[in-house]
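Please read the structure below before turning to the comments.
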Amino acid sequence: MVRVDERGKSGSLIEVRGLDKTYRRGNEEIDVLQGLNLDVDKGDFVAFMGPSGSGKTTLLNLLGGLDVPTRGSVTVAGDEITHMSRGKLTEWRARHVGFIFQMYNLIPVLTAFQNVELPLLLTKLSKAERRKHVETALEIVGVADRMNHFPRQLSGGQEQRVAVARAIIADPTFLLCDEPTGDLDRKSADEVMSLIRRLVEEYGKTVLMVTHDPLVARQAKITLHLEKGVLVEAGERREGVAAGGSS
Amino acid sequence: MLAKLLFGAAITLAALVALLLVVVVVGGILAGLLAPFLGSVPISYNLRSLRARWTSAIVAVLGIAGTVGVFVAMLSLARGFRATLVASGSADNALVMRAGSTSEMMGGITLDSIRVAQDKPGVARDAAGQPLVTQEVVGIIPIPLISTGTDANVQVRGVSPNVLAIRKFVKIVEGRMFTPGLDEIVVGKNAAKTYQGLTTGQTLNFGGVHWRVVGVFDAGGSSFDSEIWCDARILNEVLKRPANIFQSATIHLTSPAAFREFKDAVTSDPQLNLEVEREVDYYAKQSATMTRLIEILGGLVAAIMAVGAIFGALNTMYSAVAERGREIATMRALGFSSWNVILSFLFEALAISFLGGLIGCVAVLPLNGWTTSTLNFQTFSSIAFAFKITFGLLVMGVFFALVMGVLGGLLPALRAARRPVAVSLREL
Ligand SMILES: Nc1ncnc2c1ncn2[C@@H]1O[C@H](COP(=O)(O)OP(=O)(O)OP(=O)(O)O)[C@@H](O)[C@H]1O
Ligand SMILES: [Mg+2]
């Protein structure tokens, strides 16, 4: 179950409570997130939607431990990440989070194989074991035949599939996708989306995804809207806004 | 009192800062070199990034190469000069001069005192039982250079006819030795190559005498190779100096170990007012001023160039870090630590500087053995000597390059590691 009030049962995989994020630009303060709550269970597939600048990327960064909130807490599988040291947080990311970015963010000088292998370099796996894992992951995403190609030799769809392989290679607790199809044509977008859906359905992955595309959002089990710094469920939109505004 | 205290504190602080710098540089070099083992970012990432941005890297590489080249060339010049002079002495020869003289150009000693000295213990003798001693006088004459036609000072050394039995490494390689009592000269192989009219069979006019060049000798790359030798008695006559006064005597000893005994015997003799020095030490000392001068000048030039090279490396590395902001942020997001990022960029900076160091070393390698000449400040005559590039010098050159690499790479590496991930991920 996914909930956006603070009444989620304790023991959810991801528990976000009263999350505030305020950016400071010179003298100006921008309140992006204001008391945001969220509960996500294992195996959930959530889509976040919202206008540009509403704070979707900011939310993913906080969930993924790439940034720290101004107030509030994020707890993942019992670990409260908002109070971890930078070093701890880095280790935590390696173990628990898989990132998928709009611009794929593959390292241009490394081959598809080497890009996917990167997260495994932080583990104790041997070279042979790493190779096996990487090959399996590349097969799952369907670009095993391109593993010695460099990113610039791949199409956008292939690049994103390599990025998906990199995100799942170390078997993270959950995946964070920031507009994974934002730079792809419809066909490639569909391919990447059916891949992500397979990860949820076949492999039981937990996925939190930001998208602008309603067709893409529809593939998720639930779509949440980010409005005025809080999340509201699509169906109960009006109600949610009212609830968000009162909290 | 207070001033003294402050001064002490300042010195302590300076020492601490220097120590810190050394620790940082050495630590940085070690960490960067060991990055492939300590860090998790694959080195192929750095090497390929370097190749992809080679136009930027080449500036830093060439800056470091030039600096290392100058550094190695200067040091090899100093080494070569020193080696030439040190080769001029033998451990089993003792140089005897008047007490208080620092150079054989200064002061004279009488034949009588040489005679007393040569009977002291430790002196080697020839088959006929005669002590192996060469009494010497030196003069300087200007002779035009072959290369430019301008005059340079050449040292003329009057020696005893048996000099080859005392300086055993000197060999006649062309013609013959001078005949005692005649106006004949033999010429060192470098002098023969460098100055006009010093080939066998020609005549040289100085002191109102027409000297005949009868031979060329090879003194094994020592400073004697830049000299002209003749009979000391004739030279004394020509220079209108008293016949029985010489400037130095070089005495061959039975063994290097006999030096102590010989020296003690001479210096403890109240009749004698002589200074005794091992011939090697005398020439080593002579090389000191010039060697230091070359080293200081070379060090200064290298230091100034190093500042430029470090800024070149800084620039290259800062732009590498700036250009790859999103790549670095992506790796940080994947779980690579800031320590991994620092190691990775240190490694990259060291790779650049190592390449620069190698190029610098290879570029100056052809200088090895190349002969040049300079003025010996003790005798004011020219000495030919060769650049001497040793393996040790090359290692020093590469190390110097790595120091520049660390100084140029550390700050950019720290910046790369400290940049907030969330911000860098937004960069395009
Ligand atoms: N480092 C920062 N400093 C200051 N303001 C920032 C910073 N990062 C983001 N913002 C601001 O915070 C707000 C939310 O940004 P965010 O990127 O989270 O929005 P978004 O919903 O992902 O938008 P988009 O759909 O365009 O990607 C924006 O107004 C943005 O300008
Ligand atoms: Mg965004």
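Quick note on naming: the chains in the structure tokens go A, B, ... in the order shown, residues restart at 1 in each chain, and ligands are numbered from 1 in order of appearance.
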
| DSSP strand (DSSP E) residues within region 19-192 of chain A, listed as an NGL selection string | :A and (19-25 or 28-40 or 45-49 or 71-76 or 79-80 or 97-100 or 174-178)

| task | Could you list, as a PyMOL selection string, the residues of chain A having an atom within 6 Å of chain B when counting only C-alpha atoms? | result | chain A and resi 66+90-91+93-94+109+121

| message | Just want the 6 Å neighbourhood of Leu13 (chain A), counted on only C-alpha atoms, with same-chain residues fewer than 4 positions away dropped. Output as a list of chain:residue names. | response |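 Selected residues are A:Val40, A:Asp41, A:Lys42, A:Val76, A:Ala77.
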
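Those residues that approach Gln271 (chain B) to within 10 Å, counting only C-alpha atoms, are Ser113, Val116, Ala117, Val266, Thr267, Ser268 and Leu274 of chain B; same-chain residues fewer than 3 positions away are not listed.
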
Atoms to include: N, CA, C and O atoms. Write the selected residues as a compact mmCIF listing (two decimals), in the first residue's frame.
```txt
# COMPACT_ATOMS: atom_id res chain seq x y z
N SER B 113 112.03 21.95 -0.13
CA SER B 113 111.00 21.38 0.73
C SER B 113 110.35 20.18 0.07
O SER B 113 109.97 19.21 0.73
N VAL B 116 112.49 17.28 0.83
CA VAL B 116 112.31 16.76 2.18
C VAL B 116 111.02 15.93 2.23
O VAL B 116 110.99 14.82 2.78
N ALA B 117 109.98 16.47 1.62
CA ALA B 117 108.68 15.79 1.68
C ALA B 117 108.73 14.44 1.00
O ALA B 117 108.13 13.47 1.47
N VAL B 266 104.51 14.89 7.02
CA VAL B 266 104.83 16.18 6.42
C VAL B 266 104.38 17.33 7.33
O VAL B 266 105.13 18.27 7.59
N THR B 267 103.15 17.23 7.82
CA THR B 267 102.62 18.35 8.58
C THR B 267 103.26 18.47 9.96
O THR B 267 103.31 19.55 10.54
N SER B 268 103.79 17.34 10.48
CA SER B 268 104.40 17.44 11.81
C SER B 268 105.87 17.88 11.72
O SER B 268 106.50 18.14 12.74
N LEU B 274 103.93 23.04 4.63
CA LEU B 274 103.20 22.53 3.47
C LEU B 274 101.82 22.05 3.85
O LEU B 274 101.56 21.64 4.98
```

| field | Contacts with ligand 2 at most 9 Å, only C-alpha atoms and all ligand atoms counted, listed as an NGL selection string | value | (:A and (52-58 or 60 or 102 or 178-179 or 210-211)) or (:B and (426))

Grab the residues selected above and save them as a PDB file, in the first residue's frame with N, CA, C and O atoms.
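Result written to result_20.pdb:
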```pdb
ATOM      1  N   SER A  52       6.536  21.293 -13.803  1.00  0.00           N
ATOM      2  CA  SER A  52       7.978  21.532 -13.736  1.00  0.00           C
ATOM      3  C   SER A  52       8.281  22.480 -12.572  1.00  0.00           C
ATOM      4  O   SER A  52       7.573  23.460 -12.371  1.00  0.00           O
ATOM      5  N   GLY A  53       9.279  22.140 -11.792  1.00  0.00           N
ATOM      6  CA  GLY A  53       9.642  22.991 -10.667  1.00  0.00           C
ATOM      7  C   GLY A  53       8.871  22.672  -9.409  1.00  0.00           C
ATOM      8  O   GLY A  53       9.044  23.330  -8.383  1.00  0.00           O
ATOM      9  N   SER A  54       8.025  21.636  -9.457  1.00  0.00           N
ATOM     10  CA  SER A  54       7.225  21.327  -8.270  1.00  0.00           C
ATOM     11  C   SER A  54       8.036  20.563  -7.219  1.00  0.00           C
ATOM     12  O   SER A  54       7.591  20.431  -6.084  1.00  0.00           O
ATOM     13  N   GLY A  55       9.187  20.064  -7.608  1.00  0.00           N
ATOM     14  CA  GLY A  55      10.049  19.433  -6.599  1.00  0.00           C
ATOM     15  C   GLY A  55      10.174  17.936  -6.724  1.00  0.00           C
ATOM     16  O   GLY A  55      10.592  17.260  -5.786  1.00  0.00           O
ATOM     17  N   LYS A  56       9.852  17.397  -7.901  1.00  0.00           N
ATOM     18  CA  LYS A  56       9.897  15.945  -8.074  1.00  0.00           C
ATOM     19  C   LYS A  56      11.331  15.425  -7.956  1.00  0.00           C
ATOM     20  O   LYS A  56      11.599  14.449  -7.243  1.00  0.00           O
ATOM     21  N   THR A  57      12.256  16.083  -8.661  1.00  0.00           N
ATOM     22  CA  THR A  57      13.656  15.656  -8.587  1.00  0.00           C
ATOM     23  C   THR A  57      14.184  15.842  -7.166  1.00  0.00           C
ATOM     24  O   THR A  57      14.919  14.995  -6.640  1.00  0.00           O
ATOM     25  N   THR A  58      13.776  16.941  -6.558  1.00  0.00           N
ATOM     26  CA  THR A  58      14.192  17.193  -5.181  1.00  0.00           C
ATOM     27  C   THR A  58      13.767  16.036  -4.278  1.00  0.00           C
ATOM     28  O   THR A  58      14.553  15.550  -3.459  1.00  0.00           O
ATOM     29  N   LEU A  60      13.101  12.882  -5.142  1.00  0.00           N
ATOM     30  CA  LEU A  60      13.882  11.670  -5.426  1.00  0.00           C
ATOM     31  C   LEU A  60      15.281  11.774  -4.815  1.00  0.00           C
ATOM     32  O   LEU A  60      15.803  10.802  -4.276  1.00  0.00           O
ATOM     33  N   GLN A 102      17.104  10.645 -16.503  1.00  0.00           N
ATOM     34  CA  GLN A 102      16.536  10.994 -17.806  1.00  0.00           C
ATOM     35  C   GLN A 102      17.601  10.941 -18.905  1.00  0.00           C
ATOM     36  O   GLN A 102      17.360  10.441 -19.995  1.00  0.00           O
ATOM     37  N   ASP A 178      14.137   9.110 -12.548  1.00  0.00           N
ATOM     38  CA  ASP A 178      13.734  10.492 -12.785  1.00  0.00           C
ATOM     39  C   ASP A 178      13.489  10.688 -14.274  1.00  0.00           C
ATOM     40  O   ASP A 178      14.427  10.822 -15.049  1.00  0.00           O
ATOM     41  N   GLU A 179      12.244  10.665 -14.685  1.00  0.00           N
ATOM     42  CA  GLU A 179      11.855  10.772 -16.085  1.00  0.00           C
ATOM     43  C   GLU A 179      12.660   9.839 -16.977  1.00  0.00           C
ATOM     44  O   GLU A 179      13.380  10.285 -17.863  1.00  0.00           O
ATOM     45  N   VAL A 210       9.529   9.322 -11.526  1.00  0.00           N
ATOM     46  CA  VAL A 210       8.991  10.643 -11.876  1.00  0.00           C
ATOM     47  C   VAL A 210       8.719  10.653 -13.368  1.00  0.00           C
ATOM     48  O   VAL A 210       9.547  10.158 -14.143  1.00  0.00           O
ATOM     49  N   THR A 211       7.586  11.165 -13.780  1.00  0.00           N
ATOM     50  CA  THR A 211       7.341  11.274 -15.215  1.00  0.00           C
ATOM     51  C   THR A 211       6.381  12.416 -15.521  1.00  0.00           C
ATOM     52  O   THR A 211       5.597  12.841 -14.671  1.00  0.00           O
TER      53      THR A 211
ATOM     54  N   ARG B 426      22.346  17.932 -11.903  1.00  0.00           N
ATOM     55  CA  ARG B 426      21.499  18.780 -12.741  1.00  0.00           C
ATOM     56  C   ARG B 426      22.258  19.368 -13.922  1.00  0.00           C
ATOM     57  O   ARG B 426      21.656  19.915 -14.832  1.00  0.00           O
TER      58      ARG B 426
END
```
